[in-house]
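Visitor: To be precise about what I am sending: the file is called coords18.txt and holds compact mmCIF, C-alpha atoms and all ligand atoms.
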```txt
# COMPACT_ATOMS: atom_id res chain seq x y z
CA MET A 21 24.32 -3.88 20.80
CA ASN A 22 27.62 -5.73 20.38
CA LYS A 23 30.85 -4.04 19.34
CA PRO A 24 31.64 -4.49 15.60
CA GLN A 25 32.95 -8.00 15.07
CA MET A 26 33.33 -10.82 12.59
CA ALA A 27 31.23 -13.97 12.50
CA PRO A 28 33.16 -16.50 10.39
CA SER A 29 30.81 -18.75 8.41
CA ILE A 30 31.85 -22.40 8.47
CA LEU A 31 30.09 -22.99 5.16
CA ALA A 32 33.43 -22.09 3.58
CA ALA A 33 35.54 -24.19 5.99
CA ASP A 34 37.54 -27.23 5.00
CA PHE A 35 35.28 -29.87 6.57
CA ASN A 36 38.12 -32.35 6.55
CA ARG A 37 39.89 -30.07 9.06
CA LEU A 38 36.91 -28.41 10.75
CA GLY A 39 38.01 -28.97 14.37
CA GLU A 40 41.48 -27.67 13.67
CA GLN A 41 40.18 -24.56 11.89
CA LEU A 42 37.74 -23.80 14.69
CA ARG A 43 40.56 -23.98 17.23
CA VAL A 44 42.52 -21.42 15.18
CA ILE A 45 39.49 -19.12 15.02
CA GLU A 46 38.86 -19.33 18.74
CA ASP A 47 42.55 -18.91 19.47
CA CYS A 48 42.52 -15.69 17.43
CA GLY A 49 39.95 -14.28 19.84
CA VAL A 50 36.84 -14.56 17.67
CA SER A 51 33.65 -14.89 19.70
CA TYR A 52 30.99 -15.46 17.03
CA LEU A 53 30.70 -18.50 14.79
CA HIS A 54 28.11 -18.40 12.00
CA ILE A 55 26.53 -21.74 11.07
CA ASP A 56 24.42 -21.96 7.91
CA VAL A 57 21.67 -24.57 7.91
CA MET A 58 20.07 -25.12 4.48
CA ASP A 59 17.24 -27.54 3.75
CA GLY A 60 17.17 -27.76 -0.06
CA LEU A 61 13.71 -26.16 -0.07
CA PHE A 62 13.96 -22.63 1.23
CA VAL A 63 17.26 -22.49 -0.67
CA PRO A 64 18.52 -24.93 -3.31
CA GLN A 65 21.42 -26.34 -1.29
CA ILE A 66 21.55 -28.72 1.65
CA SER A 67 24.39 -27.83 4.01
CA MET A 68 24.69 -29.07 7.60
CA GLY A 69 22.51 -29.72 10.57
CA MET A 70 22.26 -30.98 14.11
CA PRO A 71 25.04 -33.62 14.19
CA VAL A 72 27.68 -31.10 13.09
CA ILE A 73 26.56 -28.48 15.61
CA GLU A 74 26.37 -31.02 18.41
CA SER A 75 29.83 -32.26 17.60
CA ILE A 76 31.60 -28.88 17.43
CA ARG A 77 29.73 -27.67 20.54
CA LYS A 78 31.72 -30.15 22.63
CA GLU A 79 34.96 -28.29 22.05
CA SER A 80 33.96 -24.71 21.36
CA GLY A 81 32.99 -21.90 23.67
CA MET A 82 32.17 -19.49 20.83
CA VAL A 83 28.72 -18.00 20.41
CA PHE A 84 26.97 -20.27 17.91
CA ASP A 85 25.03 -18.03 15.56
CA VAL A 86 22.77 -20.47 13.73
CA HIS A 87 21.25 -19.15 10.50
CA LEU A 88 18.26 -21.28 9.56
CA MET A 89 17.53 -21.21 5.85
CA ILE A 90 14.70 -23.69 6.21
CA VAL A 91 10.97 -23.65 5.59
CA ASP A 92 8.64 -23.67 8.58
CA PRO A 93 11.41 -23.11 11.15
CA ILE A 94 9.09 -23.62 14.14
CA ARG A 95 9.51 -27.38 13.64
CA TYR A 96 13.19 -27.28 14.61
CA ILE A 97 13.66 -24.52 17.18
CA GLN A 98 13.88 -26.78 20.23
CA THR A 99 16.15 -29.22 18.40
CA PHE A 100 18.66 -26.53 17.43
CA ALA A 101 18.52 -25.08 20.93
CA ASP A 102 19.26 -28.52 22.38
CA CYS A 103 22.17 -29.22 20.09
CA GLY A 104 24.04 -26.05 21.01
CA ALA A 105 22.81 -22.91 19.24
CA ASP A 106 23.13 -19.66 21.19
CA ILE A 107 21.39 -17.42 18.67
CA ILE A 108 18.75 -18.81 16.33
CA THR A 109 18.00 -16.73 13.24
CA PHE A 110 15.09 -17.62 11.00
CA HIS A 111 13.83 -16.06 7.77
CA VAL A 112 10.70 -13.97 8.01
CA GLU A 113 9.76 -15.27 4.53
CA ALA A 114 9.86 -18.88 5.77
CA ALA A 115 7.70 -18.55 8.86
CA GLU A 116 3.93 -18.72 8.81
CA ASP A 117 3.72 -16.88 12.12
CA PRO A 118 6.98 -15.15 13.09
CA GLU A 119 5.60 -14.31 16.57
CA THR A 120 5.29 -18.00 17.40
CA VAL A 121 8.85 -18.67 16.25
CA ILE A 122 10.18 -15.78 18.34
CA ALA A 123 8.29 -17.12 21.36
CA ALA A 124 9.67 -20.64 20.82
CA ILE A 125 13.26 -19.37 20.65
CA ARG A 126 12.76 -17.33 23.83
CA LYS A 127 11.15 -20.29 25.57
CA ALA A 128 14.21 -22.36 24.68
CA GLY A 129 16.34 -19.68 26.38
CA LYS A 130 18.16 -18.57 23.22
CA LYS A 131 18.73 -15.26 21.48
CA VAL A 132 16.47 -14.39 18.57
CA GLY A 133 17.44 -13.33 15.08
CA ILE A 134 15.26 -12.57 12.07
CA SER A 135 16.59 -12.45 8.55
CA VAL A 136 15.39 -10.78 5.38
CA LYS A 137 16.29 -11.83 1.84
CA PRO A 138 17.44 -9.09 -0.57
CA GLY A 139 13.94 -8.72 -2.03
CA THR A 140 12.17 -8.37 1.32
CA PRO A 141 11.87 -4.81 2.63
CA VAL A 142 12.98 -4.17 6.22
CA GLU A 143 9.47 -2.87 6.91
CA ALA A 144 8.41 -6.53 6.93
CA VAL A 145 10.13 -6.99 10.29
CA ARG A 146 9.49 -3.61 11.89
CA GLN A 147 6.91 -4.95 14.32
CA TYR A 148 9.31 -7.59 15.64
CA LEU A 149 12.30 -5.33 16.28
CA PRO A 150 11.56 -4.68 19.99
CA GLU A 151 11.45 -8.44 20.57
CA ILE A 152 14.59 -9.62 18.81
CA ASP A 153 18.35 -9.56 19.42
CA GLN A 154 19.56 -9.32 15.85
CA LEU A 155 18.36 -8.43 12.39
CA LEU A 156 20.22 -10.29 9.67
CA VAL A 157 20.24 -8.39 6.39
CA MET A 158 21.19 -10.75 3.56
CA THR A 159 23.56 -8.95 1.23
CA VAL A 160 23.36 -11.76 -1.35
CA GLU A 161 20.55 -14.15 -2.28
CA PRO A 162 20.78 -16.86 0.42
CA GLY A 163 21.91 -20.32 -0.61
CA PHE A 164 25.53 -20.17 -1.68
CA GLY A 165 28.84 -18.87 -0.39
CA GLY A 166 31.24 -16.90 -2.57
CA GLN A 167 28.71 -14.53 -4.18
CA LYS A 168 29.08 -10.79 -4.79
CA TYR A 169 27.71 -8.24 -2.32
CA ILE A 170 24.60 -6.59 -3.80
CA PRO A 171 25.35 -2.81 -3.72
CA GLU A 172 21.67 -1.88 -3.29
CA MET A 173 21.76 -3.59 0.13
CA THR A 174 23.81 -0.75 1.60
CA ASP A 175 20.74 1.50 1.71
CA LYS A 176 18.79 -1.34 3.26
CA ILE A 177 21.36 -1.73 6.05
CA ARG A 178 21.07 2.00 6.66
CA ALA A 179 17.26 1.77 6.71
CA ALA A 180 17.44 -1.19 9.11
CA ARG A 181 19.71 0.66 11.54
CA GLU A 182 17.53 3.75 11.35
CA MET A 183 14.36 1.77 11.96
CA ILE A 184 15.92 0.08 15.00
CA ARG A 185 16.97 3.45 16.38
CA ALA A 186 13.56 4.96 15.73
CA CYS A 187 11.71 2.27 17.63
CA GLY A 188 14.13 2.42 20.56
CA ALA A 189 15.25 -1.19 20.10
CA ASP A 190 18.79 -2.33 20.76
CA CYS A 191 19.50 -5.08 18.29
CA ASP A 192 22.52 -6.00 16.27
CA VAL A 193 22.49 -5.56 12.52
CA GLU A 194 24.25 -8.53 10.98
CA VAL A 195 25.19 -8.67 7.30
CA ASP A 196 25.77 -11.88 5.39
CA GLY A 197 27.07 -12.47 1.88
CA GLY A 198 29.96 -11.07 -0.10
CA ILE A 199 31.57 -9.41 2.93
CA ARG A 200 35.26 -8.92 2.18
CA LYS A 201 37.93 -6.23 2.23
CA GLU A 202 36.20 -4.22 -0.50
CA THR A 203 32.73 -4.26 1.08
CA ILE A 204 33.06 -4.45 4.86
CA GLY A 205 33.74 -0.71 5.27
CA THR A 206 30.59 0.19 3.34
CA ALA A 207 28.43 -2.15 5.45
CA LEU A 208 30.01 -0.82 8.65
CA GLU A 209 29.47 2.77 7.67
CA ALA A 210 25.82 1.99 6.86
CA GLY A 211 25.25 0.66 10.37
CA ALA A 212 26.04 -3.05 10.46
CA ASN A 213 27.93 -4.35 13.50
CA LEU A 214 28.15 -8.12 12.93
CA PHE A 215 29.90 -9.27 9.77
CA VAL A 216 29.43 -12.80 8.50
CA ALA A 217 32.22 -13.90 6.19
CA GLY A 218 32.89 -17.28 4.65
CA SER A 219 35.26 -17.12 1.70
CA ALA A 220 37.00 -13.97 2.94
CA ILE A 221 38.02 -15.79 6.12
CA PHE A 222 38.64 -19.35 4.94
CA ARG A 223 40.25 -18.74 1.54
CA GLY A 224 43.97 -18.29 1.91
CA ASP A 225 45.60 -18.02 5.32
CA LEU A 226 43.05 -18.25 8.11
CA ARG A 227 45.15 -16.49 10.76
CA GLU A 228 46.19 -13.69 8.40
CA ASN A 229 42.61 -13.10 7.29
CA LEU A 230 41.31 -13.03 10.86
CA ALA A 231 44.07 -10.62 11.89
CA TYR A 232 43.24 -8.29 8.98
CA TYR A 233 39.55 -8.00 9.90
CA GLU A 234 40.21 -7.74 13.62
CA LYS A 235 42.59 -4.83 13.02
CA PHE A 236 40.19 -3.22 10.56
CA LEU A 237 37.27 -3.32 13.00
CA ALA A 238 39.39 -2.27 15.98
CA GLN A 239 40.42 0.87 14.10
CA ALA A 240 36.95 1.61 12.80
C1 LIG A 301 24.73 -17.73 2.23
C2 LIG A 301 25.12 -17.92 3.68
C3 LIG A 301 26.36 -17.21 4.07
C4 LIG A 301 27.62 -17.63 3.36
C5 LIG A 301 28.44 -16.38 3.12
O1 LIG A 301 23.43 -18.16 2.03
O2 LIG A 301 24.09 -17.46 4.53
O3 LIG A 301 26.56 -17.24 5.48
O4 LIG A 301 28.40 -18.55 4.07
O5 LIG A 301 29.50 -16.69 2.30
P1 LIG A 301 30.48 -15.59 1.69
O6 LIG A 301 31.07 -14.83 2.82
O7 LIG A 301 31.48 -16.41 0.96
O8 LIG A 301 29.66 -14.72 0.78
ZN ZN A 302 24.46 -17.20 6.76
```
Could you render the structure as structure tokens?
Guide:
Amino acid sequence: MNKPQMAPSILAADFNRLGEQLRVIEDCGVSYLHIDVMDGLFVPQISMGMPVIESIRKESGMVFDVHLMIVDPIRYIQTFADCGADIITFHVEAAEDPETVIAAIRKAGKKVGISVKPGTPVEAVRQYLPEIDQLLVMTVEPGFGGQKYIPEMTDKIRAAREMIRACGADCDVEVDGGIRKETIGTALEAGANLFVAGSAIFRGDLRENLAYYEKFLAQA
């Protein structure tokens, strides 16, 4: 399991200055970069895909944490692996056979993540825990940045961490949606160790925001 750290989500970046912002993030010592891929079917929005990842891969050494919000993810595992993903997270609700998707990600030599929407109980992924690297607990309904953390998800984070412990697995618990100053402590205390944040990082001063969360997690 990784030490507690931030995973800035570029969904909230200024795409006109993406390269510049990524250099600031990397310069501030951040190792994870969260990349949201939306297909307009699994979620209403269409965000970004392979060309963006391929392009930023050329200049970034960060861990690319690719969050696939797409139906039938098996179709695109090799493609995302080839264009620079390090971790590929798919939604259990979107996969016909999660085992096959896990196997495809492993075959491509990448780390495996599974995500659950707010309405999906963590029990739905229990059987996969020994085979995956991270469990992504959505703390908002996937599809849009800037939403409010759903308070009921705190118990789910706790249940996820407990379930991982109970089955002797060693995976990260990542939280995504509405993570900001007011909510990060609650998610941390409940057992999360990777914190995706879009608006909280990119709104306002990027360096100041990154410094705040780095200090917060270092003292935790
Ligand atoms: C939402 C995405 C998130 C999003 C989080 O579907 O998966 O990664 O960027 O945005 P904030 O931090 O603004 O809630
Ligand atoms: Zn995400």
Visitor: Return as a VMD selection string every polymer residue, whether protein, DNA or RNA, with at least one atom no more than 9 Å from an atom of ligand LIG 301 (chain A); count only C-alpha atoms and all ligand atoms.
Guide: chain A and resid 28 to 32 54 to 58 63 87 to 89 158 to 169 195 to 200 215 to 222
Visitor: Tell me, counting all atoms listed in the file, for each residue of range 134-181 of chain A within 9 Å of range 105-114 of chain A, which pair of atoms is nearest and how far apart they are in Å to one decimal, in rows ordered by chain and increasing number, as a tab-separated table.
Guide:
```
residue	atom	partner	partner_atom	distance
A:Ile134	CA	A:Thr109	CA	5.1
A:Ser135	CA	A:His111	CA	4.6
A:Val136	CA	A:His111	CA	6.0
A:Lys137	CA	A:His111	CA	7.7
A:Thr140	CA	A:Glu113	CA	8.0
A:Ala144	CA	A:Val112	CA	7.9
A:Val145	CA	A:Val112	CA	7.4
A:Asp153	CA	A:Ile107	CA	8.5
A:Gln154	CA	A:Thr109	CA	8.0
A:Leu155	CA	A:Thr109	CA	8.4
A:Leu156	CA	A:Thr109	CA	7.7
```
Visitor: Using all atoms listed in the file, which residues sit within 12 Å of Ile45 in chain A once same-chain residues fewer than 2 positions away are excluded, as an MDAnalysis selection string?
Guide: chainID A and resid 26:30 33 38:43 47:54 80:82 221:222 225:231 234
Visitor: Excluding Leu149 in chain A and its own-chain neighbours fewer than 4 positions away, which residues fall within 12 Å of it when counting all atoms listed in the file? Please give them as a PDB file with C-alpha atoms, keeping the file's coordinate frame.
Guide:
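Okay, this is what ended up in selection-v2.pdb:
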```
ATOM      1  CA  PRO A 118       6.980 -15.150  13.090  1.00  0.00           C
ATOM      2  CA  GLU A 119       5.600 -14.310  16.570  1.00  0.00           C
ATOM      3  CA  ILE A 122      10.180 -15.780  18.340  1.00  0.00           C
ATOM      4  CA  VAL A 132      16.470 -14.390  18.570  1.00  0.00           C
ATOM      5  CA  GLY A 133      17.440 -13.330  15.080  1.00  0.00           C
ATOM      6  CA  ILE A 134      15.260 -12.570  12.070  1.00  0.00           C
ATOM      7  CA  SER A 135      16.590 -12.450   8.550  1.00  0.00           C
ATOM      8  CA  VAL A 142      12.980  -4.170   6.220  1.00  0.00           C
ATOM      9  CA  GLU A 143       9.470  -2.870   6.910  1.00  0.00           C
ATOM     10  CA  ALA A 144       8.410  -6.530   6.930  1.00  0.00           C
ATOM     11  CA  VAL A 145      10.130  -6.990  10.290  1.00  0.00           C
ATOM     12  CA  ASP A 153      18.350  -9.560  19.420  1.00  0.00           C
ATOM     13  CA  GLN A 154      19.560  -9.320  15.850  1.00  0.00           C
ATOM     14  CA  LEU A 155      18.360  -8.430  12.390  1.00  0.00           C
ATOM     15  CA  LEU A 156      20.220 -10.290   9.670  1.00  0.00           C
ATOM     16  CA  ALA A 180      17.440  -1.190   9.110  1.00  0.00           C
ATOM     17  CA  ARG A 181      19.710   0.660  11.540  1.00  0.00           C
ATOM     18  CA  GLU A 182      17.530   3.750  11.350  1.00  0.00           C
ATOM     19  CA  MET A 183      14.360   1.770  11.960  1.00  0.00           C
ATOM     20  CA  ILE A 184      15.920   0.080  15.000  1.00  0.00           C
ATOM     21  CA  ARG A 185      16.970   3.450  16.380  1.00  0.00           C
ATOM     22  CA  ALA A 186      13.560   4.960  15.730  1.00  0.00           C
ATOM     23  CA  CYS A 187      11.710   2.270  17.630  1.00  0.00           C
ATOM     24  CA  GLY A 188      14.130   2.420  20.560  1.00  0.00           C
ATOM     25  CA  ALA A 189      15.250  -1.190  20.100  1.00  0.00           C
ATOM     26  CA  ASP A 190      18.790  -2.330  20.760  1.00  0.00           C
ATOM     27  CA  CYS A 191      19.500  -5.080  18.290  1.00  0.00           C
ATOM     28  CA  ASP A 192      22.520  -6.000  16.270  1.00  0.00           C
ATOM     29  CA  VAL A 193      22.490  -5.560  12.520  1.00  0.00           C
TER      30      VAL A 193
END
```
Visitor: Can you tell me how far CA of Ala115 in chain A sits from CA of Gln98 in chain A, in Å to one decimal?
Guide: 15.3 Å
Visitor: CA of Pro71 in chain A and atom ZN of ligand ZN 302 (chain A) are how many Å apart?
Guide: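 Between CA of Pro71 in chain A and atom ZN of ligand ZN 302 (chain A) the gap is 18.0 Å.
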Visitor: With all atoms listed in the file as the basis for distance, which of A:Asn213, A:Asn36, A:Thr206, A:Ser67 is at the shortest distance from ligand ZN 302 (chain A)?
Guide: A:Ser67
Visitor: Given the choices A:Glu46, A:Asp102, A:Asp175, A:Glu194, which gets closest to ligand ZN 302 (chain A) if the distance is worked out from only C-alpha atoms and all ligand atoms?
Guide: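 Distance minimum relative to ligand ZN 302 (chain A) lands on A:Glu194.
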Visitor: Just give me the gap between CA of Ile125 in chain A and CA of Ile97 in chain A in Å, one decimal is fine.
Guide: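 Taking CA of Ile125 in chain A as the start and CA of Ile97 in chain A as the end point, the length is 6.2 Å.
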Visitor: I want to know what sits within 10 Å of Lys78 in chain A, based on all atoms listed in the file, with residues of the same chain fewer than 4 positions away left out; could you give that as a ChimeraX atom specification?
Guide: /A:73-74,103-104
Visitor: How would the residues just chosen look if you wrote them out with C-alpha atoms as an mmCIF file, keeping the file's coordinate frame?
Guide:
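Saved as selection_0.cif:
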```
data_model
loop_
_atom_site.group_PDB
_atom_site.id
_atom_site.type_symbol
_atom_site.label_atom_id
_atom_site.label_comp_id
_atom_site.auth_asym_id
_atom_site.auth_seq_id
_atom_site.Cartn_x
_atom_site.Cartn_y
_atom_site.Cartn_z
ATOM 1 C CA ILE A 73 26.560 -28.480 15.610
ATOM 2 C CA GLU A 74 26.370 -31.020 18.410
ATOM 3 C CA CYS A 103 22.170 -29.220 20.090
ATOM 4 C CA GLY A 104 24.040 -26.050 21.010
#
```
Visitor: Could you tell me which of A:Ile66, A:Lys176, A:Gln25, A:Lys127 comes closest to Pro141 in chain A if we count all atoms listed in the file?
Guide: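 For Pro141 in chain A, the nearest of the candidates is A:Lys176.
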Visitor: From the set A:Glu116, A:Glu79, A:Asp59, A:Asp85, which residue has the shortest atom-to-atom contact distance to ligand ZN 302 (chain A), counting all atoms listed in the file?
Guide: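 Looking at the shortest contact to ligand ZN 302 (chain A), the residue is A:Asp85.
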Visitor: When you count only C-alpha atoms and all ligand atoms, which of these residues is closest to ligand ZN 302 (chain A): A:Tyr233, A:Phe35, A:Phe84, A:Phe100?
Guide: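 Among the listed residues, A:Phe84 lies closest to ligand ZN 302 (chain A).
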